[in-house]
Amino acid sequence: SQKIEQNSEALNIQEGKTATLTCNYTNYSPAYLQWYRQDPGRGPVFLLLIRENEKEKRKERLKVTFDTTLKQSLFHITASQPADSATYLCALRENRRGVGGGADGLTFGKGTHLIIQP
Amino acid sequence: DTEVTQTPKHLVMGMTNKKSLKCEQHMGHRAMYWYKQKAKKPPELMFVYSYEKLSINESVPSRFSPECPNSSLLNLHLHALQPEDSALYLCASSQGETQYFGPGTRLLVL
């Protein structure tokens, strides 16, 4: 069966350090992988998308890598700040199309609750 | 306008009530989604609408009935819910790979 695993339920990092979150998947052949941020009681917010032919993607202090051989993505936040504290979710698109070739939903990993301590 | 709005923010209902959740977006997105999220769990897909047609139903019980009246609106009609249906219900829209989520409706079924 298809699985997405984020290996840390919670991660405590000191402010200013780099936080690294891991996402592993099995029985998927994704064309791309996405990372979202979710704050308590709010909807997820899109951060980055990386395609299967891309090794690395950056956006400001965020960096994502994608290794389709290892079936793994790493998500890095450099120079971390307390405001970066949130739950971070990786997500893959379902391996099927809807009726009539319509849009697909996302399957999310369980998320990593990141806490940046001052 | 780059946001998805959802109403109400909170909803408490009894098991015999009928209520509706509403979602709206004005980004011109042609795909809209309903997800259910329980506490400390990730969002789980319920329904997908593509060009106002139901594209995916993830074997959701019939007490949840989605409706897409037009390309900007998505409703979720609720009837005879169970306490275990209490959750955060998230709406999302997309045009391409990225999904834009609303803030959710926090539903409590008594």
# chains A, B, ... in the order shown; residues from 1 in each chain; ligands from 1

$ closest_atom_pairs --of "chain A" --to "chain B" --cutoff "10 Å" --atoms "only C-alpha atoms" --output "JSON lines"
{"residue": "A:Glu9", "atom": "CA", "partner": "B:Lys40", "partner_atom": "CA", "distance": 9.8}
{"residue": "A:Tyr32", "atom": "CA", "partner": "B:Glu97", "partner_atom": "CA", "distance": 8.7}
{"residue": "A:Leu33", "atom": "CA", "partner": "B:Glu97", "partner_atom": "CA", "distance": 9.6}
{"residue": "A:Gln34", "atom": "CA", "partner": "B:Thr98", "partner_atom": "CA", "distance": 8.1}
{"residue": "A:Trp35", "atom": "CA", "partner": "B:Thr98", "partner_atom": "CA", "distance": 10.0}
{"residue": "A:Tyr36", "atom": "CA", "partner": "B:Gln99", "partner_atom": "CA", "distance": 9.6}
{"residue": "A:Gln38", "atom": "CA", "partner": "B:Pro42", "partner_atom": "CA", "distance": 9.8}
{"residue": "A:Pro40", "atom": "CA", "partner": "B:Lys40", "partner_atom": "CA", "distance": 9.6}
{"residue": "A:Gly41", "atom": "CA", "partner": "B:Pro103", "partner_atom": "CA", "distance": 7.6}
{"residue": "A:Arg42", "atom": "CA", "partner": "B:Pro103", "partner_atom": "CA", "distance": 4.9}
{"residue": "A:Gly43", "atom": "CA", "partner": "B:Pro103", "partner_atom": "CA", "distance": 4.6}
{"residue": "A:Pro44", "atom": "CA", "partner": "B:Phe101", "partner_atom": "CA", "distance": 6.1}
{"residue": "A:Val45", "atom": "CA", "partner": "B:Phe101", "partner_atom": "CA", "distance": 6.7}
{"residue": "A:Phe46", "atom": "CA", "partner": "B:Thr98", "partner_atom": "CA", "distance": 6.9}
{"residue": "A:Leu47", "atom": "CA", "partner": "B:Thr98", "partner_atom": "CA", "distance": 9.3}
{"residue": "A:Leu48", "atom": "CA", "partner": "B:Thr98", "partner_atom": "CA", "distance": 8.9}
{"residue": "A:Leu49", "atom": "CA", "partner": "B:Thr98", "partner_atom": "CA", "distance": 7.8}
{"residue": "A:Thr87", "atom": "CA", "partner": "B:Lys40", "partner_atom": "CA", "distance": 9.7}
{"residue": "A:Leu89", "atom": "CA", "partner": "B:Pro42", "partner_atom": "CA", "distance": 7.8}
{"residue": "A:Cys90", "atom": "CA", "partner": "B:Pro42", "partner_atom": "CA", "distance": 9.8}
{"residue": "A:Ala91", "atom": "CA", "partner": "B:Pro42", "partner_atom": "CA", "distance": 9.8}
{"residue": "A:Arg93", "atom": "CA", "partner": "B:Glu97", "partner_atom": "CA", "distance": 8.5}
{"residue": "A:Arg97", "atom": "CA", "partner": "B:Ser55", "partner_atom": "CA", "distance": 8.4}
{"residue": "A:Gly98", "atom": "CA", "partner": "B:Ser55", "partner_atom": "CA", "distance": 4.8}
{"residue": "A:Val99", "atom": "CA", "partner": "B:Ser55", "partner_atom": "CA", "distance": 4.8}
{"residue": "A:Gly100", "atom": "CA", "partner": "B:Ser55", "partner_atom": "CA", "distance": 7.1}
{"residue": "A:Gly101", "atom": "CA", "partner": "B:Ser55", "partner_atom": "CA", "distance": 8.0}
{"residue": "A:Gly102", "atom": "CA", "partner": "B:Ser50", "partner_atom": "CA", "distance": 5.3}
{"residue": "A:Ala103", "atom": "CA", "partner": "B:Ser50", "partner_atom": "CA", "distance": 5.8}
{"residue": "A:Asp104", "atom": "CA", "partner": "B:Val48", "partner_atom": "CA", "distance": 7.0}
{"residue": "A:Gly105", "atom": "CA", "partner": "B:Leu45", "partner_atom": "CA", "distance": 6.3}
{"residue": "A:Leu106", "atom": "CA", "partner": "B:Leu45", "partner_atom": "CA", "distance": 7.0}
{"residue": "A:Thr107", "atom": "CA", "partner": "B:Glu44", "partner_atom": "CA", "distance": 7.0}
{"residue": "A:Phe108", "atom": "CA", "partner": "B:Pro42", "partner_atom": "CA", "distance": 6.0}
{"residue": "A:Gly109", "atom": "CA", "partner": "B:Pro42", "partner_atom": "CA", "distance": 6.5}
{"residue": "A:Lys110", "atom": "CA", "partner": "B:Pro42", "partner_atom": "CA", "distance": 5.1}
{"residue": "A:Gly111", "atom": "CA", "partner": "B:Pro42", "partner_atom": "CA", "distance": 6.8}
{"residue": "A:His113", "atom": "CA", "partner": "B:Lys40", "partner_atom": "CA", "distance": 9.7}

$ write_last_selection --atoms "N, CA and C atoms" --output "CSV table (one decimal), in the first residue's frame"
chain,number,residue,atom,x,y,z
A,9,GLU,N,7.7,13.1,14.9
A,9,GLU,CA,6.4,13.7,15.2
A,9,GLU,C,6.7,15.2,15.7
A,32,TYR,N,5.8,14.9,-8.6
A,32,TYR,CA,6.3,16.0,-7.7
A,32,TYR,C,5.9,15.8,-6.3
A,33,LEU,N,6.5,16.5,-5.4
A,33,LEU,CA,6.2,16.4,-4.0
A,33,LEU,C,6.1,17.9,-3.5
A,34,GLN,N,5.2,18.1,-2.5
A,34,GLN,CA,5.0,19.4,-2.0
A,34,GLN,C,5.2,19.4,-0.5
A,35,TRP,N,5.5,20.6,0.0
A,35,TRP,CA,5.6,20.8,1.5
A,35,TRP,C,4.6,22.0,1.8
A,36,TYR,N,3.9,21.7,2.9
A,36,TYR,CA,2.9,22.7,3.4
A,36,TYR,C,3.2,23.0,4.9
A,38,GLN,N,1.3,24.2,8.5
A,38,GLN,CA,0.0,24.3,9.1
A,38,GLN,C,0.2,24.8,10.6
A,40,PRO,N,-1.8,25.9,14.2
A,40,PRO,CA,-3.0,25.3,14.9
A,40,PRO,C,-4.3,26.0,14.5
A,41,GLY,N,-5.3,25.1,14.2
A,41,GLY,CA,-6.6,25.6,13.9
A,41,GLY,C,-6.7,26.3,12.5
A,42,ARG,N,-5.7,26.2,11.7
A,42,ARG,CA,-5.7,26.9,10.4
A,42,ARG,C,-5.5,25.9,9.3
A,43,GLY,N,-5.8,26.3,8.1
A,43,GLY,CA,-5.6,25.4,6.9
A,43,GLY,C,-4.1,25.4,6.5
A,44,PRO,N,-3.7,24.3,5.9
A,44,PRO,CA,-2.3,24.3,5.4
A,44,PRO,C,-2.0,25.4,4.4
A,45,VAL,N,-0.7,25.8,4.4
A,45,VAL,CA,-0.3,26.9,3.5
A,45,VAL,C,0.8,26.3,2.7
A,46,PHE,N,0.7,26.4,1.3
A,46,PHE,CA,1.7,25.9,0.4
A,46,PHE,C,3.1,26.6,0.6
A,47,LEU,N,4.2,25.8,0.6
A,47,LEU,CA,5.5,26.4,0.8
A,47,LEU,C,6.3,26.2,-0.5
A,48,LEU,N,6.5,24.9,-0.9
A,48,LEU,CA,7.4,24.6,-2.0
A,48,LEU,C,6.9,23.3,-2.7
A,49,LEU,N,7.2,23.3,-4.0
A,49,LEU,CA,6.9,22.1,-4.8
A,49,LEU,C,8.2,21.7,-5.5
A,87,THR,N,3.5,23.0,12.3
A,87,THR,CA,3.5,21.7,11.8
A,87,THR,C,3.8,21.7,10.3
A,89,LEU,N,4.0,19.6,6.7
A,89,LEU,CA,3.4,18.4,6.1
A,89,LEU,C,4.0,18.2,4.7
A,90,CYS,N,4.4,17.0,4.4
A,90,CYS,CA,4.7,16.7,3.0
A,90,CYS,C,3.5,16.1,2.4
A,91,ALA,N,3.4,16.3,1.1
A,91,ALA,CA,2.2,15.8,0.4
A,91,ALA,C,2.5,15.3,-1.0
A,93,ARG,N,0.6,13.7,-4.7
A,93,ARG,CA,-0.7,13.6,-5.4
A,93,ARG,C,-1.0,12.1,-5.6
A,97,ARG,N,-6.3,9.5,-11.7
A,97,ARG,CA,-7.1,10.6,-12.1
A,97,ARG,C,-8.6,10.4,-11.7
A,98,GLY,N,-9.3,11.4,-11.5
A,98,GLY,CA,-10.7,11.3,-11.2
A,98,GLY,C,-11.5,11.0,-12.4
A,99,VAL,N,-12.8,10.9,-12.2
A,99,VAL,CA,-13.7,10.6,-13.4
A,99,VAL,C,-13.5,11.7,-14.4
A,100,GLY,N,-13.4,11.3,-15.7
A,100,GLY,CA,-13.2,12.3,-16.7
A,100,GLY,C,-11.9,13.0,-16.7
A,101,GLY,N,-10.9,12.4,-16.0
A,101,GLY,CA,-9.5,13.0,-16.0
A,101,GLY,C,-9.4,14.2,-15.2
A,102,GLY,N,-10.3,14.4,-14.2
A,102,GLY,CA,-10.3,15.6,-13.4
A,102,GLY,C,-9.1,15.7,-12.4
A,103,ALA,N,-9.2,16.7,-11.6
A,103,ALA,CA,-8.1,16.9,-10.6
A,103,ALA,C,-7.9,15.8,-9.6
A,104,ASP,N,-6.8,15.7,-9.0
A,104,ASP,CA,-6.5,14.7,-8.0
A,104,ASP,C,-6.4,15.4,-6.6
A,105,GLY,N,-6.7,14.7,-5.6
A,105,GLY,CA,-6.4,15.2,-4.2
A,105,GLY,C,-5.0,14.9,-3.8
A,106,LEU,N,-4.6,15.4,-2.7
A,106,LEU,CA,-3.3,15.2,-2.1
A,106,LEU,C,-3.4,14.2,-0.9
A,107,THR,N,-2.4,13.4,-0.8
A,107,THR,CA,-2.2,12.6,0.4
A,107,THR,C,-1.1,13.2,1.2
A,108,PHE,N,-1.4,13.4,2.5
A,108,PHE,CA,-0.4,14.1,3.4
A,108,PHE,C,0.3,13.1,4.3
A,109,GLY,N,1.5,13.4,4.6
A,109,GLY,CA,2.2,12.7,5.7
A,109,GLY,C,1.6,13.2,7.0
A,110,LYS,N,2.0,12.5,8.1
A,110,LYS,CA,1.4,12.9,9.4
A,110,LYS,C,1.9,14.2,9.9
A,111,GLY,N,2.9,14.7,9.4
A,111,GLY,CA,3.4,16.0,9.8
A,111,GLY,C,4.5,16.0,10.9
A,113,HIS,N,5.9,18.4,14.0
A,113,HIS,CA,5.6,19.6,14.7
A,113,HIS,C,7.0,20.2,15.1

$ residues_around --residues "range 74-83 of chain A" --least-positions-apart "3" --cutoff "12 Å" --atoms "only C-alpha atoms" --output "PDB file with C-alpha atoms, in the first residue's frame"
ATOM      1  CA  GLU A   5       6.158   8.842   6.489  1.00  0.00           C
ATOM      2  CA  GLN A   6       7.547  11.848   8.274  1.00  0.00           C
ATOM      3  CA  ASN A   7       9.913  10.354  10.736  1.00  0.00           C
ATOM      4  CA  ASN A  12      12.945  20.962  18.917  1.00  0.00           C
ATOM      5  CA  ILE A  13      15.588  23.269  17.439  1.00  0.00           C
ATOM      6  CA  GLN A  14      17.421  26.202  18.923  1.00  0.00           C
ATOM      7  CA  GLU A  15      16.855  29.547  17.236  1.00  0.00           C
ATOM      8  CA  GLY A  16      19.388  30.279  14.519  1.00  0.00           C
ATOM      9  CA  LYS A  17      20.121  26.620  13.770  1.00  0.00           C
ATOM     10  CA  THR A  18      19.025  24.722  10.654  1.00  0.00           C
ATOM     11  CA  ALA A  19      15.946  22.533  11.019  1.00  0.00           C
ATOM     12  CA  THR A  20      15.849  19.442   8.779  1.00  0.00           C
ATOM     13  CA  LEU A  21      12.624  17.486   8.303  1.00  0.00           C
ATOM     14  CA  THR A  22      12.357  14.166   6.473  1.00  0.00           C
ATOM     15  CA  CYS A  23       9.625  12.721   4.280  1.00  0.00           C
ATOM     16  CA  ASN A  24       9.826   9.144   2.980  1.00  0.00           C
ATOM     17  CA  TYR A  25       7.337   7.452   0.716  1.00  0.00           C
ATOM     18  CA  LEU A  33       6.239  16.423  -3.977  1.00  0.00           C
ATOM     19  CA  GLN A  34       4.966  19.395  -1.986  1.00  0.00           C
ATOM     20  CA  TRP A  35       5.580  20.843   1.463  1.00  0.00           C
ATOM     21  CA  TYR A  36       2.937  22.723   3.426  1.00  0.00           C
ATOM     22  CA  ARG A  37       2.962  24.574   6.732  1.00  0.00           C
ATOM     23  CA  ASP A  39      -0.536  26.468  12.215  1.00  0.00           C
ATOM     24  CA  LEU A  47       5.488  26.377   0.758  1.00  0.00           C
ATOM     25  CA  LEU A  48       7.396  24.563  -1.979  1.00  0.00           C
ATOM     26  CA  LEU A  49       6.930  22.066  -4.789  1.00  0.00           C
ATOM     27  CA  ILE A  50       9.768  19.982  -6.202  1.00  0.00           C
ATOM     28  CA  LYS A  55      17.306  17.697  -7.087  1.00  0.00           C
ATOM     29  CA  GLU A  56      16.893  20.857  -5.050  1.00  0.00           C
ATOM     30  CA  LYS A  57      14.619  23.886  -4.757  1.00  0.00           C
ATOM     31  CA  ARG A  58      15.103  27.033  -2.667  1.00  0.00           C
ATOM     32  CA  LYS A  59      12.866  29.834  -1.482  1.00  0.00           C
ATOM     33  CA  GLU A  60      14.362  32.399   0.886  1.00  0.00           C
ATOM     34  CA  ARG A  61      15.424  30.393   4.010  1.00  0.00           C
ATOM     35  CA  LEU A  62      13.725  27.214   2.794  1.00  0.00           C
ATOM     36  CA  LYS A  63      15.367  24.419   0.838  1.00  0.00           C
ATOM     37  CA  VAL A  64      13.862  21.153  -0.372  1.00  0.00           C
ATOM     38  CA  THR A  65      15.675  18.183  -1.859  1.00  0.00           C
ATOM     39  CA  PHE A  66      14.112  15.232  -3.650  1.00  0.00           C
ATOM     40  CA  ASP A  67      15.799  11.857  -4.145  1.00  0.00           C
ATOM     41  CA  THR A  68      13.554   9.570  -6.204  1.00  0.00           C
ATOM     42  CA  LEU A  70      15.857   6.853  -1.996  1.00  0.00           C
ATOM     43  CA  LYS A  71      12.166   7.891  -2.206  1.00  0.00           C
ATOM     44  CA  ALA A  86       4.425  25.063  13.173  1.00  0.00           C
ATOM     45  CA  THR A  87       3.523  21.652  11.787  1.00  0.00           C
ATOM     46  CA  TYR A  88       5.096  20.895   8.421  1.00  0.00           C
ATOM     47  CA  LEU A  89       3.379  18.438   6.106  1.00  0.00           C
ATOM     48  CA  CYS A  90       4.716  16.743   3.015  1.00  0.00           C
ATOM     49  CA  GLY A 111       3.446  16.035   9.771  1.00  0.00           C
ATOM     50  CA  THR A 112       6.347  17.125  11.937  1.00  0.00           C
ATOM     51  CA  LEU A 114       8.614  21.926  14.705  1.00  0.00           C
ATOM     52  CA  ILE A 115       9.400  24.033  17.762  1.00  0.00           C
ATOM     53  CA  ILE A 116      12.071  26.714  17.525  1.00  0.00           C
ATOM     54  CA  GLN A 117      13.264  27.690  20.968  1.00  0.00           C
ATOM     55  CA  PRO A 118      14.591  31.218  21.576  1.00  0.00           C
TER      56      PRO A 118
END

$ select_by_dssp --residues "chain A" --states "helix (DSSP H, G or I)" --output "PyMOL selection string"
chain A and resi 82-84+99-101

$ write_last_selection --atoms "all heavy atoms" --output "PDB file, in the first residue's frame"
ATOM      1  N   PRO A  82      11.705  31.592  16.010  1.00  0.00           N
ATOM      2  CA  PRO A  82      10.516  31.109  16.727  1.00  0.00           C
ATOM      3  C   PRO A  82       9.249  31.164  15.874  1.00  0.00           C
ATOM      4  O   PRO A  82       8.373  30.305  16.014  1.00  0.00           O
ATOM      5  CB  PRO A  82      10.431  32.047  17.931  1.00  0.00           C
ATOM      6  CG  PRO A  82      11.853  32.414  18.202  1.00  0.00           C
ATOM      7  CD  PRO A  82      12.495  32.535  16.847  1.00  0.00           C
ATOM      8  N   ALA A  83       9.149  32.143  14.968  1.00  0.00           N
ATOM      9  CA  ALA A  83       7.971  32.253  14.100  1.00  0.00           C
ATOM     10  C   ALA A  83       7.866  31.093  13.111  1.00  0.00           C
ATOM     11  O   ALA A  83       6.807  30.894  12.492  1.00  0.00           O
ATOM     12  CB  ALA A  83       7.998  33.571  13.332  1.00  0.00           C
ATOM     13  N   ASP A  84       8.929  30.311  12.954  1.00  0.00           N
ATOM     14  CA  ASP A  84       8.884  29.134  12.078  1.00  0.00           C
ATOM     15  C   ASP A  84       8.224  27.948  12.776  1.00  0.00           C
ATOM     16  O   ASP A  84       7.988  26.909  12.149  1.00  0.00           O
ATOM     17  CB  ASP A  84      10.301  28.710  11.662  1.00  0.00           C
ATOM     18  CG  ASP A  84      10.992  29.760  10.811  1.00  0.00           C
ATOM     19  OD1 ASP A  84      10.295  30.445  10.025  1.00  0.00           O
ATOM     20  OD2 ASP A  84      12.226  29.904  10.940  1.00  0.00           O
ATOM     21  N   VAL A  99     -12.795  10.887 -12.247  1.00  0.00           N
ATOM     22  CA  VAL A  99     -13.715  10.646 -13.354  1.00  0.00           C
ATOM     23  C   VAL A  99     -13.546  11.733 -14.402  1.00  0.00           C
ATOM     24  O   VAL A  99     -13.517  12.923 -14.080  1.00  0.00           O
ATOM     25  CB  VAL A  99     -15.168  10.638 -12.832  1.00  0.00           C
ATOM     26  CG1 VAL A  99     -16.147  10.572 -13.996  1.00  0.00           C
ATOM     27  CG2 VAL A  99     -15.384   9.484 -11.881  1.00  0.00           C
ATOM     28  N   GLY A 100     -13.395  11.338 -15.656  1.00  0.00           N
ATOM     29  CA  GLY A 100     -13.232  12.328 -16.718  1.00  0.00           C
ATOM     30  C   GLY A 100     -11.865  12.983 -16.721  1.00  0.00           C
ATOM     31  O   GLY A 100     -11.688  14.030 -17.343  1.00  0.00           O
ATOM     32  N   GLY A 101     -10.883  12.373 -16.025  1.00  0.00           N
ATOM     33  CA  GLY A 101      -9.544  12.955 -16.018  1.00  0.00           C
ATOM     34  C   GLY A 101      -9.433  14.216 -15.203  1.00  0.00           C
ATOM     35  O   GLY A 101      -8.575  15.056 -15.452  1.00  0.00           O
TER      36      GLY A 101
END

$ atom_distance --atom1 "CA of Lys3 in chain A" --atom2 "CA of Val60 in chain B"
20.4 Å

$ atom_distance --atom1 "CA of Glu24 in chain B" --atom2 "CA of Leu76 in chain B"
11.8 Å

$ select_by_dssp --residues "range 3-109 of chain B" --states "strand (DSSP E)" --output "number ranges by chain"
B: 4-7, 10-13, 18-25, 31-37, 44-50, 53-57, 64-70, 73-79, 87-94, 99-101, 105-109

$ atom_distance --atom1 "CA of Glu67 in chain B" --atom2 "CA of Gly28 in chain B"
17.6 Å

$ residues_around --residues "Leu73 in chain B" --least-positions-apart "3" --cutoff "9 Å" --atoms "only C-alpha atoms" --output "PyMOL selection string"
chain B and resi 22-26+32+67-70

$ residues_around --residues "Ser65 in chain B" --least-positions-apart "2" --cutoff "9 Å" --atoms "only C-alpha atoms" --output "list in words"
Val60, Pro61, Ser62, Arg63, Glu67, Asn75, Leu76, His77, Leu78 and His79 of chain B

$ write_last_selection --atoms "C-alpha atoms" --output "mmCIF file, in the first residue's frame"
data_model
loop_
_atom_site.group_PDB
_atom_site.id
_atom_site.type_symbol
_atom_site.label_atom_id
_atom_site.label_comp_id
_atom_site.auth_asym_id
_atom_site.auth_seq_id
_atom_site.Cartn_x
_atom_site.Cartn_y
_atom_site.Cartn_z
ATOM 1 C CA VAL B 60 -17.429 9.084 2.143
ATOM 2 C CA PRO B 61 -20.666 8.143 3.987
ATOM 3 C CA SER B 62 -23.831 9.506 2.398
ATOM 4 C CA ARG B 63 -24.539 11.679 5.436
ATOM 5 C CA GLU B 67 -22.521 20.321 -4.025
ATOM 6 C CA ASN B 75 -20.973 23.337 -0.277
ATOM 7 C CA LEU B 76 -20.954 20.347 2.043
ATOM 8 C CA HIS B 77 -24.396 19.360 3.281
ATOM 9 C CA LEU B 78 -24.472 17.505 6.580
ATOM 10 C CA HIS B 79 -27.293 15.309 7.838
#

$ residues_around --residues "Ala80 in chain B" --least-positions-apart "3" --cutoff "7 Å" --atoms "only C-alpha atoms" --output "PDB file with N, CA and C atoms, in the first residue's frame"
ATOM      1  N   MET B  15     -27.171  15.294  16.357  1.00  0.00           N
ATOM      2  CA  MET B  15     -27.138  14.194  15.394  1.00  0.00           C
ATOM      3  C   MET B  15     -28.351  14.178  14.473  1.00  0.00           C
ATOM      4  N   THR B  16     -29.407  14.905  14.819  1.00  0.00           N
ATOM      5  CA  THR B  16     -30.589  14.929  13.957  1.00  0.00           C
ATOM      6  C   THR B  16     -30.655  16.189  13.092  1.00  0.00           C
ATOM      7  N   ASN B  17     -29.698  17.085  13.268  1.00  0.00           N
ATOM      8  CA  ASN B  17     -29.730  18.355  12.529  1.00  0.00           C
ATOM      9  C   ASN B  17     -29.299  18.190  11.088  1.00  0.00           C
ATOM     10  N   LYS B  18     -29.699  19.186  10.269  1.00  0.00           N
ATOM     11  CA  LYS B  18     -29.162  19.334   8.914  1.00  0.00           C
ATOM     12  C   LYS B  18     -28.479  20.693   8.849  1.00  0.00           C
ATOM     13  N   ARG B  63     -24.099  10.583   4.574  1.00  0.00           N
ATOM     14  CA  ARG B  63     -24.539  11.679   5.436  1.00  0.00           C
ATOM     15  C   ARG B  63     -23.779  12.976   5.119  1.00  0.00           C
TER      16      ARG B  63
END
